[in-house]
Amino acid sequence: MPRANRKRRRSRPPEMHRNNRYKESPPDFSLLASLYPSFRQYLLFPSSSDRPAIDFTDFSATRELTRVLLLHDHGVNWWIPDGQLCPTVPNRSNYIHWIGDLLSSNLIPQITNSDSNSEKLVRGFDIGTGANCIYPLLGASLKGWSFVGSDVTEIALEWARKNVESNPHISNLIEIRDARKSRSLDGELASITMPSDHVLVDVVKEGESFDFCMCNPPFFESLEDAGLNPKTACGGTSEEMVCPGGEQAFIHRIIEDSVSLKHSFRWFTSMVGRKVNLKILISKIREVGATVVKTTEFVQGRTARWGLAWSFLPPRRNLISPNAPIKNDLSFMLHGLQRKAGAFQVLKSVETFFLSMGASCKSDLASFFVNITISGELAGEMFNDGTKTDSAIDGFSFRIAVFEQTPGTLLLRGSLMRKDSSNAGAFQLFFSQLEENLKMEFLHKSGG
């Protein structure tokens with residue numbers, strides 16, 4: 001059995017997404033200064049390095065860096081006034097690329113509607129797009145996606161529209177929507193003066209469907225909390241940075257709205273600033289009946305951020321071929337793992353994956369296996385595509401064991417506790433989803 005090396009478990013931080021252009025080529029400040037003279041004034045030349053730097057506690061410097069990166073690398077014209085939240089391009093790109101992974105996986109099918117255009121654009125909804133409008137601008141320029149970006153302040157709406165209009169090559173892909181306007185009982189739009197508790201309900205129009213929503217929520221409960229990081233000066237208004245109850249309360253509002261709009265989005269997603277909130281939010285998402293939950297960790301310089309995604313749509317059944325033989329024992333390999341991704345880390349991810357689904361888990365970390373129990377209700381939700389059938393699916397249990405083959409290669413083996421063919425099909429479905437999740441989590445991070 002492999003031995004868990006606890007000292008090395010957190011030895012290397014997560015890496016940028018494999019598709020992030022800045023993963024292998026960080027911004028070249030010298031080149032940018034030679035091409036854009038307005039950026040040159042912010043360069044610093046520390047004696048300890050032969051490469052120039054900027055003062056990230058200087059709002060004007062970070063804003064100018066964002067402006068020239070968007071223009072130079074993405075062909076996007078951009079600006080924000082003083083005091084607005086200033087995003088960093090490499091970090092925001094990670095979120096876009098992760099959503100790309102979710103959409104390209106075959107786990108959740110596309111939403112079918114009356115649109116017969118087989119080449120339908122991917123459509124996203126950015127909750128609280130801000131004056132910077134960074135996610136729609138990046139999503140449209142990097143991926144060709146269309147967006148609705150919502151906000152609740154005049155200055156955010158004004159500057160988001162200005163940023164869209166400054167880019168006529170993608171402006172037809174982005175709509176900026178006032179989230180303060182709700183639909184009255186007679187169907188006409190009525191402006192309300194107080195912000196609604198809803199962030200999607202009444203902002204999403206009747207009959208609209210989206211592939212995903214995304215959100216960089218207010219992380220803090222007060223402006224005092226927001227100002228505790230002296231190493232950066234990202235700016236930000238109280239509406240952008242602060243929410244009563246912090247990010248947990250704000251994301252709860254997204255979760256509550258997602259229940260009402262469960263058939264209108266393939267994926268609901270949000271960024272999360274505190275890892276301690278992930279477990280609470282995942283429990284809430286499971287409580288309201290989501291079928292799938294995904295998480296990831298983003299590289300944010302010295303600041304950790306996490307991605308949280310969920311869906312209410314039934315996963316594809318065709319993950320298993322109808323002609324595939326029914327097996328009680330299954331296995332797959334993880335090749336090319338980074339040094340930090342040992343058997344212990346993978347086993348913990350197996351446990352987290354099934355716990356997030358609502359299954360029961362009992363781990364034996366010394367022997368590197370975890371026993372999973374799937375209730376009949378959970379199996380029915382996942383295997384019957386969300387439809388009612390006359391034949392009930394019984395609950396069942398299986399074991400997932402992890403074996404180290406060679407450095408960087410692990411074997412995962414799954415076995416039904418009872419060799420009962422009536423549950424073998426459901427077991428194969430869960431095992432296939434586990435394989436896809438682990439490969440997305442570990443191999444994508446290592447560029448595999």
# chains A, B, ... in the order shown; residues from 1 in each chain; ligands from 1
>>> residues_around(residues="His97 of chain A", least_positions_apart="6", cutoff="8 Å", atoms="only C-alpha atoms", output="list in words")
His17, Asn19 and Asn20 of chain A
>>> residues_around(residues="segment 365-379 of chain A", least_positions_apart="4", cutoff="6 Å", atoms="only C-alpha atoms", output="PyMOL selection string")
chain A and resi 359-361+383+393-402
>>> residues_around(residues="segment 274-276 of chain A", least_positions_apart="4", cutoff="12 Å", atoms="only C-alpha atoms", output="VMD selection string")
chain A and resid 217 to 220 246 to 248 280 to 282 295 to 298 303 to 308
>>> residues_around(residues="Asp257 of chain A", least_positions_apart="6", cutoff="9 Å", atoms="only C-alpha atoms", output="ChimeraX atom specification")
/A:198-201
>>> write_last_selection(atoms="all heavy atoms", output="PDB file, in the first residue's frame")
ATOM      1  N   HIS A 198     -33.388  38.728  -4.184  1.00  0.00           N
ATOM      2  CA  HIS A 198     -33.069  37.844  -5.297  1.00  0.00           C
ATOM      3  C   HIS A 198     -31.903  38.409  -6.113  1.00  0.00           C
ATOM      4  O   HIS A 198     -31.742  39.622  -6.241  1.00  0.00           O
ATOM      5  CB  HIS A 198     -34.270  37.670  -6.215  1.00  0.00           C
ATOM      6  CG  HIS A 198     -35.445  37.010  -5.558  1.00  0.00           C
ATOM      7  ND1 HIS A 198     -35.388  35.732  -5.055  1.00  0.00           N
ATOM      8  CD2 HIS A 198     -36.697  37.458  -5.314  1.00  0.00           C
ATOM      9  CE1 HIS A 198     -36.562  35.415  -4.530  1.00  0.00           C
ATOM     10  NE2 HIS A 198     -37.371  36.446  -4.677  1.00  0.00           N
ATOM     11  N   VAL A 199     -31.100  37.509  -6.656  1.00  0.00           N
ATOM     12  CA  VAL A 199     -30.020  37.918  -7.546  1.00  0.00           C
ATOM     13  C   VAL A 199     -30.234  37.392  -8.961  1.00  0.00           C
ATOM     14  O   VAL A 199     -29.638  37.909  -9.908  1.00  0.00           O
ATOM     15  CB  VAL A 199     -28.651  37.458  -7.005  1.00  0.00           C
ATOM     16  CG1 VAL A 199     -28.282  38.214  -5.747  1.00  0.00           C
ATOM     17  CG2 VAL A 199     -28.628  35.953  -6.741  1.00  0.00           C
ATOM     18  N   LEU A 200     -31.078  36.376  -9.110  1.00  0.00           N
ATOM     19  CA  LEU A 200     -31.394  35.818 -10.426  1.00  0.00           C
ATOM     20  C   LEU A 200     -32.892  35.869 -10.729  1.00  0.00           C
ATOM     21  O   LEU A 200     -33.300  36.248 -11.831  1.00  0.00           O
ATOM     22  CB  LEU A 200     -30.904  34.364 -10.526  1.00  0.00           C
ATOM     23  CG  LEU A 200     -29.392  34.168 -10.648  1.00  0.00           C
ATOM     24  CD1 LEU A 200     -29.034  32.689 -10.511  1.00  0.00           C
ATOM     25  CD2 LEU A 200     -28.872  34.712 -11.973  1.00  0.00           C
ATOM     26  N   VAL A 201     -33.699  35.480  -9.743  1.00  0.00           N
ATOM     27  CA  VAL A 201     -35.144  35.523  -9.923  1.00  0.00           C
ATOM     28  C   VAL A 201     -35.570  36.965 -10.194  1.00  0.00           C
ATOM     29  O   VAL A 201     -35.121  37.891  -9.518  1.00  0.00           O
ATOM     30  CB  VAL A 201     -35.867  34.957  -8.681  1.00  0.00           C
ATOM     31  CG1 VAL A 201     -37.366  35.228  -8.761  1.00  0.00           C
ATOM     32  CG2 VAL A 201     -35.606  33.462  -8.557  1.00  0.00           C
TER      33      VAL A 201
END
>>> closest_residue(among="A:Ala426, A:Ile174, A:Leu438, A:Val292", to="Lys348 of chain A", atoms="only C-alpha atoms")
A:Leu438
>>> closest_residue(among="A:Ala424, A:Ala53, A:Ile155, A:Val346", to="Asn437 of chain A", atoms="only C-alpha atoms")
A:Val346
>>> atom_distance(atom1="atom CA of Leu32 of chain A", atom2="atom CA of Gly75 of chain A")
14.0 Å
>>> select_by_dssp(residues="segment 254-303 of chain A", states="strand (DSSP E or B)", output="VMD selection string")
chain A and resid 265 to 272 292 to 300 303
>>> atom_distance(atom1="atom CA of Arg63 of chain A", atom2="atom CA of Leu43 of chain A")
13.2 Å
>>> atom_distance(atom1="atom CA of Pro27 of chain A", atom2="atom CA of Thr88 of chain A")
11.4 Å
>>> closest_residue(among="A:His169, A:Arg266, A:Arg92, A:Arg67", to="Gly124 of chain A", atoms="only C-alpha atoms")
A:Arg266
>>> closest_residue(among="A:Ser432, A:Ser104, A:Thr57, A:Asn91", to="Trp267 of chain A", atoms="only C-alpha atoms")
A:Ser104
